[in-house]
$ cat coords05.tsv   # TSV, C-alpha atoms
chain	number	residue	atom	x	y	z
A	1	MET	CA	-144.26	-13.23	-161.67
A	2	GLN	CA	-147.75	-12.94	-163.14
A	3	ILE	CA	-146.98	-14.96	-166.28
A	4	PRO	CA	-147.45	-18.38	-164.60
A	5	TYR	CA	-150.86	-17.31	-163.30
A	6	LEU	CA	-151.82	-16.03	-166.75
A	7	SER	CA	-150.74	-19.31	-168.30
A	8	GLU	CA	-152.88	-21.23	-165.82
A	9	VAL	CA	-155.92	-19.05	-166.60
A	10	LEU	CA	-155.40	-19.56	-170.32
A	11	ARG	CA	-155.05	-23.28	-169.82
A	12	ILE	CA	-158.34	-23.42	-167.90
A	13	ILE	CA	-160.12	-21.33	-170.55
A	14	ILE	CA	-158.77	-23.50	-173.37
A	15	ALA	CA	-159.83	-26.64	-171.48
A	16	TRP	CA	-163.32	-25.17	-171.06
A	17	ILE	CA	-163.82	-24.24	-174.73
A	18	PRO	CA	-164.73	-27.78	-175.93
A	19	LYS	CA	-167.03	-28.28	-172.93
A	20	LEU	CA	-168.70	-24.91	-173.51
A	21	ALA	CA	-169.14	-25.67	-177.21
A	22	ALA	CA	-170.66	-29.08	-176.42
A	23	ALA	CA	-172.99	-27.50	-173.83
A	24	ILE	CA	-174.16	-24.89	-176.36
A	25	VAL	CA	-174.82	-27.59	-178.96
A	26	VAL	CA	-176.84	-29.58	-176.40
A	27	LEU	CA	-178.88	-26.48	-175.48
A	28	VAL	CA	-179.64	-25.66	-179.11
A	29	ILE	CA	-180.69	-29.24	-179.85
A	30	GLY	CA	-182.76	-29.29	-176.65
A	31	TRP	CA	-184.48	-26.02	-177.58
A	32	ALA	CA	-185.45	-27.35	-181.01
A	33	ALA	CA	-186.50	-30.75	-179.67
A	34	GLY	CA	-188.52	-29.13	-176.87
A	35	ARG	CA	-190.46	-26.94	-179.26
A	36	ALA	CA	-191.18	-29.91	-181.52
A	37	PHE	CA	-192.23	-32.13	-178.61
A	38	GLY	CA	-194.48	-29.44	-177.13
A	39	LYS	CA	-196.20	-28.88	-180.46
A	40	ALA	CA	-196.66	-32.63	-180.93
A	41	VAL	CA	-198.28	-32.99	-177.48
A	42	ALA	CA	-200.55	-30.01	-178.14
A	43	TYR	CA	-201.50	-31.41	-181.55
A	44	VAL	CA	-202.43	-34.82	-180.14
A	45	LEU	CA	-204.47	-33.28	-177.30
A	46	ASP	CA	-206.20	-30.96	-179.77
A	47	LYS	CA	-207.13	-33.89	-182.01
A	48	ILE	CA	-208.50	-35.76	-179.00
A	49	GLY	CA	-210.60	-32.69	-178.25
A	50	VAL	CA	-209.37	-32.08	-174.70
A	51	ASP	CA	-210.13	-28.35	-174.84
A	52	ASP	CA	-213.64	-29.02	-176.15
A	53	ILE	CA	-214.27	-31.56	-173.39
A	54	LEU	CA	-213.11	-29.15	-170.69
A	55	ARG	CA	-215.04	-26.28	-172.29
A	56	SER	CA	-218.22	-28.37	-172.04
A	57	THR	CA	-218.04	-28.14	-168.23
A	58	SER	CA	-219.24	-25.02	-166.44
A	59	VAL	CA	-216.00	-24.60	-164.48
A	60	GLY	CA	-213.78	-25.27	-167.50
A	61	LYS	CA	-215.67	-22.76	-169.62
A	62	SER	CA	-215.42	-20.13	-166.88
A	63	ILE	CA	-211.67	-20.71	-166.46
A	64	GLU	CA	-211.00	-20.39	-170.18
A	65	GLU	CA	-213.12	-17.23	-170.48
A	66	ARG	CA	-211.31	-15.59	-167.57
A	67	THR	CA	-207.73	-16.68	-168.31
A	68	HIS	CA	-207.89	-17.09	-172.13
A	69	VAL	CA	-205.52	-20.04	-171.69
A	70	LYS	CA	-206.19	-23.36	-173.38
A	71	LEU	CA	-205.43	-26.68	-171.75
A	72	THR	CA	-203.40	-27.76	-174.78
A	73	THR	CA	-201.21	-24.69	-174.26
A	74	ILE	CA	-200.54	-25.66	-170.64
A	75	PHE	CA	-199.45	-29.17	-171.60
A	76	ASP	CA	-197.45	-27.73	-174.51
A	77	VAL	CA	-195.47	-25.61	-172.04
A	78	ILE	CA	-194.97	-28.53	-169.62
A	79	ALA	CA	-193.79	-30.82	-172.43
A	80	ARG	CA	-191.40	-28.18	-173.80
A	81	TRP	CA	-189.86	-27.44	-170.45
A	82	PHE	CA	-189.45	-31.13	-169.72
A	83	VAL	CA	-187.16	-31.39	-172.75
A	84	TYR	CA	-185.56	-27.98	-172.10
A	85	LEU	CA	-184.65	-28.99	-168.56
A	86	ILE	CA	-183.18	-32.28	-169.76
A	87	ALA	CA	-180.97	-30.29	-172.14
A	88	ILE	CA	-180.00	-27.78	-169.43
A	89	SER	CA	-179.24	-30.61	-167.00
A	90	THR	CA	-177.04	-32.32	-169.61
A	91	ALA	CA	-175.25	-29.06	-170.42
A	92	SER	CA	-174.74	-28.37	-166.72
A	93	ASP	CA	-173.32	-31.85	-166.27
A	94	ILE	CA	-170.92	-31.30	-169.16
A	95	LEU	CA	-169.73	-28.06	-167.57
A	96	GLY	CA	-169.40	-29.76	-164.21
A	97	VAL	CA	-171.90	-27.55	-162.34
A	98	ALA	CA	-173.10	-30.25	-159.94
A	99	ALA	CA	-175.40	-28.06	-157.81
A	100	LEU	CA	-177.35	-26.76	-160.82
A	101	THR	CA	-177.59	-30.27	-162.28
A	102	GLN	CA	-179.13	-31.59	-159.05
A	103	ILE	CA	-181.67	-28.75	-158.86
A	104	ILE	CA	-182.78	-29.33	-162.45
A	105	ARG	CA	-183.06	-33.08	-161.89
A	106	ASN	CA	-185.33	-32.44	-158.91
A	107	ILE	CA	-187.54	-30.20	-161.07
A	108	LEU	CA	-187.59	-32.85	-163.81
A	109	ALA	CA	-188.67	-35.48	-161.30
A	110	TYR	CA	-191.56	-33.23	-160.22
A	111	LEU	CA	-192.96	-32.37	-163.68
A	112	PRO	CA	-194.70	-35.75	-164.21
A	113	TYR	CA	-196.48	-35.30	-160.87
A	114	LEU	CA	-197.58	-31.82	-161.96
A	115	ALA	CA	-198.95	-33.10	-165.27
A	116	ALA	CA	-200.71	-36.03	-163.57
A	117	GLY	CA	-202.27	-33.71	-160.99
A	118	ILE	CA	-203.63	-31.40	-163.69
A	119	ALA	CA	-205.01	-34.41	-165.59
A	120	ILE	CA	-206.77	-35.73	-162.46
A	121	ILE	CA	-208.40	-32.34	-161.80
A	122	ILE	CA	-209.59	-32.13	-165.43
A	123	VAL	CA	-211.06	-35.64	-165.31
A	124	GLY	CA	-212.77	-34.71	-162.03
A	125	LEU	CA	-214.31	-31.58	-163.53
A	126	VAL	CA	-215.63	-33.49	-166.53
A	127	ALA	CA	-216.90	-36.43	-164.43
A	128	GLY	CA	-218.52	-34.10	-161.86
A	129	ASP	CA	-220.30	-32.11	-164.53
A	130	PHE	CA	-221.45	-35.24	-166.37
A	131	LEU	CA	-222.75	-37.06	-163.29
A	132	GLY	CA	-224.29	-33.90	-161.85
A	133	ASP	CA	-226.21	-33.28	-165.08
A	134	ILE	CA	-227.47	-36.87	-165.03
A	135	ILE	CA	-228.74	-36.40	-161.46
A	136	ILE	CA	-230.48	-33.15	-162.43
A	137	ASP	CA	-232.04	-34.72	-165.53
A	138	VAL	CA	-233.27	-37.84	-163.70
A	139	GLY	CA	-234.50	-35.74	-160.77
A	140	LYS	CA	-236.54	-33.47	-163.02
A	141	LYS	CA	-238.08	-36.44	-164.82
A	142	GLN	CA	-239.07	-37.88	-161.44
A	143	GLY	CA	-240.62	-34.55	-160.44
A	144	ILE	CA	-238.11	-33.74	-157.69
A	145	GLU	CA	-238.32	-29.97	-157.08
A	146	TRP	CA	-234.78	-29.59	-155.80
A	147	ALA	CA	-233.13	-31.60	-158.56
A	148	ASP	CA	-230.99	-28.62	-159.67
A	149	VAL	CA	-229.74	-27.96	-156.14
A	150	ILE	CA	-228.93	-31.62	-155.50
A	151	GLY	CA	-227.17	-32.03	-158.86
A	152	ASN	CA	-225.11	-28.85	-158.44
A	153	LEU	CA	-224.10	-29.77	-154.89
A	154	PHE	CA	-222.97	-33.14	-156.20
A	155	LYS	CA	-220.92	-31.37	-158.89
A	156	VAL	CA	-219.20	-29.16	-156.31
A	157	PHE	CA	-218.44	-32.17	-154.13
A	158	ILE	CA	-216.82	-34.06	-157.04
A	159	TYR	CA	-214.89	-30.91	-158.02
A	160	LEU	CA	-213.48	-30.59	-154.50
A	161	VAL	CA	-212.55	-34.28	-154.28
A	162	ALA	CA	-210.81	-34.12	-157.69
A	163	LEU	CA	-208.98	-30.97	-156.61
A	164	LEU	CA	-207.91	-32.68	-153.40
A	165	ILE	CA	-206.57	-35.75	-155.21
A	166	GLY	CA	-204.93	-33.62	-157.92
A	167	LEU	CA	-203.14	-31.36	-155.43
A	168	ARG	CA	-201.98	-34.40	-153.47
A	169	GLN	CA	-200.55	-35.81	-156.71
A	170	MET	CA	-198.71	-32.49	-157.11
A	171	MET	CA	-197.31	-33.00	-153.57
A	172	ILE	CA	-199.07	-29.88	-152.28
A	173	ASP	CA	-200.27	-29.72	-148.67
A	174	VAL	CA	-204.06	-30.11	-148.74
A	175	THR	CA	-204.83	-30.22	-145.01
A	176	LEU	CA	-207.04	-27.12	-145.17
A	177	LEU	CA	-208.88	-28.40	-148.23
A	178	GLU	CA	-209.53	-31.73	-146.50
A	179	VAL	CA	-211.15	-29.88	-143.60
A	180	ILE	CA	-213.26	-27.82	-146.04
A	181	ILE	CA	-214.44	-30.97	-147.84
A	182	GLN	CA	-215.31	-32.65	-144.55
A	183	TYR	CA	-217.41	-29.68	-143.41
A	184	PHE	CA	-218.96	-29.41	-146.86
A	185	ALA	CA	-219.96	-33.09	-146.79
A	186	ILE	CA	-221.41	-32.67	-143.29
A	187	GLY	CA	-223.27	-29.55	-144.39
A	188	VAL	CA	-224.71	-31.29	-147.44
A	189	ALA	CA	-225.78	-34.27	-145.32
A	190	VAL	CA	-227.43	-32.08	-142.67
A	191	GLY	CA	-229.01	-29.83	-145.29
A	192	GLY	CA	-230.29	-32.84	-147.18
A	193	ALA	CA	-231.76	-34.32	-144.01
A	194	VAL	CA	-233.44	-31.02	-143.07
A	195	GLY	CA	-234.71	-30.57	-146.62
A	196	LEU	CA	-236.06	-34.11	-146.67
A	197	GLY	CA	-237.73	-33.53	-143.31
A	198	ILE	CA	-239.36	-30.33	-144.53
A	199	ALA	CA	-240.49	-32.00	-147.74
A	200	LEU	CA	-241.96	-34.91	-145.84
A	201	GLY	CA	-243.57	-32.52	-143.40
A	202	TRP	CA	-245.29	-30.56	-146.14
A	203	GLY	CA	-246.21	-33.74	-147.95
A	204	LEU	CA	-247.70	-35.39	-144.86
A	205	LYS	CA	-249.50	-32.27	-143.72
A	206	ASP	CA	-252.52	-32.91	-145.92
A	207	VAL	CA	-252.53	-36.61	-145.05
A	208	VAL	CA	-252.55	-35.88	-141.31
A	209	LYS	CA	-255.23	-33.22	-141.72
A	210	LYS	CA	-257.45	-35.59	-143.69
A	211	TYR	CA	-256.95	-38.36	-141.16
A	212	ALA	CA	-257.85	-36.02	-138.28
A	213	GLU	CA	-261.00	-34.81	-140.06
A	214	GLU	CA	-262.13	-38.38	-140.68
A	215	LYS	CA	-261.59	-39.31	-137.05
A	216	TYR	CA	-263.49	-36.21	-135.90
A	217	ALA	CA	-266.41	-37.01	-138.23
A	218	GLU	CA	-266.56	-40.57	-136.89
A	219	GLN	CA	-266.66	-39.33	-133.30
A	220	LYS	CA	-269.53	-36.93	-134.10
A	221	LYS	CA	-271.57	-39.77	-135.62
A	222	GLU	CA	-271.15	-41.76	-132.45

$ encode --input "coords05.tsv" --output "C-alpha cells"
Amino acid sequence: MQIPYLSEVLRIIIAWIPKLAAAIVVLVIGWAAGRAFGKAVAYVLDKIGVDDILRSTSVGKSIEERTHVKLTTIFDVIARWFVYLIAISTASDILGVAALTQIIRNILAYLPYLAAGIAIIIVGLVAGDFLGDIIIDVGKKQGIEWADVIGNLFKVFIYLVALLIGLRQMMIDVTLLEVIIQYFAIGVAVGGAVGLGIALGWGLKDVVKKYAEEKYAEQKKE
C-alpha cells in the first residue's frame, strides 16, 4: 500500500532535481557577480575620493574613527547584496517559493532608496562643513567675535536638514527629528537675536555715555 506514495515522492524529488540544480547555478553566478560588482563600485568610489571627502568633515572623521568603517565598504556591501538578492529571488522563483520571492523583491525595491538616503546625508555633511567653514572664515576676517559659534551652528543646522531629507528618502519616520529641527531653528533665531541685542548694547554703551556727557557739559556752560 505504501509503494504508490513512495513512487509519488520519488517523482516529486526527480522533478525538483533540475530546478534545484538551476537554482544552485543561479546562486553561484549571483555570488560571483555580486562580489565583482561590489568591488567595482568600491573601486570607482575610492578613485573619486569619497572617503577622503567625508574624512575632511568633522562628523565624517569622527564616525570613521569610532566605527573604523569606510564609506566605500558600505556601498560595496549594498552593491553586493543588490546582486545577491537578485540571484536569490531568481532561484526562489525557479523553485516556486512565491512568498520568499515577494519578500526579496520588496527588499530589492528598497535598496536604491537606502543608497540614495546615505548619499544625501553624505552630501549634506560635506556641504554643511564647507559652508560653515566659509562663514567662520569670512566672519573672522570681518572681526566678528562669535564667528566660530555662528559657523558651527550653521553646520549643525545643515547636518540636521540633510539627515532629515536622507531618512525621508529611506522611508523612515522623521516626525521627532522634524520637531527637533524646528525647535533648534527657533533656538538659533532667538539666541542670535539676544546675542545681537547684547552686542549692540555693549557697542552702544560708550556712544550713549559720550552723548550724555556732552549734553551735561553743554548744560553746565549755560

$ closest_residue --input "coords05.tsv" --among "A:Trp146, A:Phe154, A:Lys70, A:Val25" --to "Ile134 in chain A" --atoms "only C-alpha atoms"
A:Phe154

$ atom_distance --input "coords05.tsv" --atom1 "CA of Glu178 in chain A" --atom2 "CA of Gly166 in chain A"
12.5 Å

$ closest_atom_pairs --input "coords05.tsv" --of "range 108-184 of chain A" --to "range 56-66 of chain A" --cutoff "8 Å" --atoms "all atoms listed in the file" --output "tab-separated table"
residue	atom	partner	partner_atom	distance
A:Leu125	CA	A:Thr57	CA	6.9
A:Val126	CA	A:Thr57	CA	6.1
A:Asp129	CA	A:Thr57	CA	5.9

$ closest_residue --input "coords05.tsv" --among "A:Leu153, A:Leu167, A:Ala91, A:Leu111" --to "Val28 in chain A" --atoms "all atoms listed in the file"
A:Ala91

$ atom_distance --input "coords05.tsv" --atom1 "CA of Ala23 in chain A" --atom2 "CA of Ala79 in chain A"
21.1 Å

$ closest_residue --input "coords05.tsv" --among "A:His68, A:Arg80, A:Arg11, A:Lys19" --to "Gly96 in chain A" --atoms "all atoms listed in the file"
A:Lys19

$ closest_residue --input "coords05.tsv" --among "A:Ala119, A:Asn106, A:Asp46, A:Leu95" --to "Ala15 in chain A" --atoms "only C-alpha atoms"
A:Leu95

$ atom_distance --input "coords05.tsv" --atom1 "CA of Leu163 in chain A" --atom2 "CA of Leu54 in chain A"
14.8 Å

$ residues_around --input "coords05.tsv" --residues "Gly38 in chain A" --least-positions-apart "2" --cutoff "12 Å" --atoms "all atoms listed in the file" --output "list in words"
Gly30, Trp31, Ala32, Ala33, Gly34, Arg35, Ala36, Ala40, Val41, Ala42, Tyr43, Val44, Leu45, Thr72, Thr73, Ile74, Phe75, Asp76, Val77, Ile78, Ala79, Arg80, Trp81, Phe82, Val83 and Tyr84 of chain A
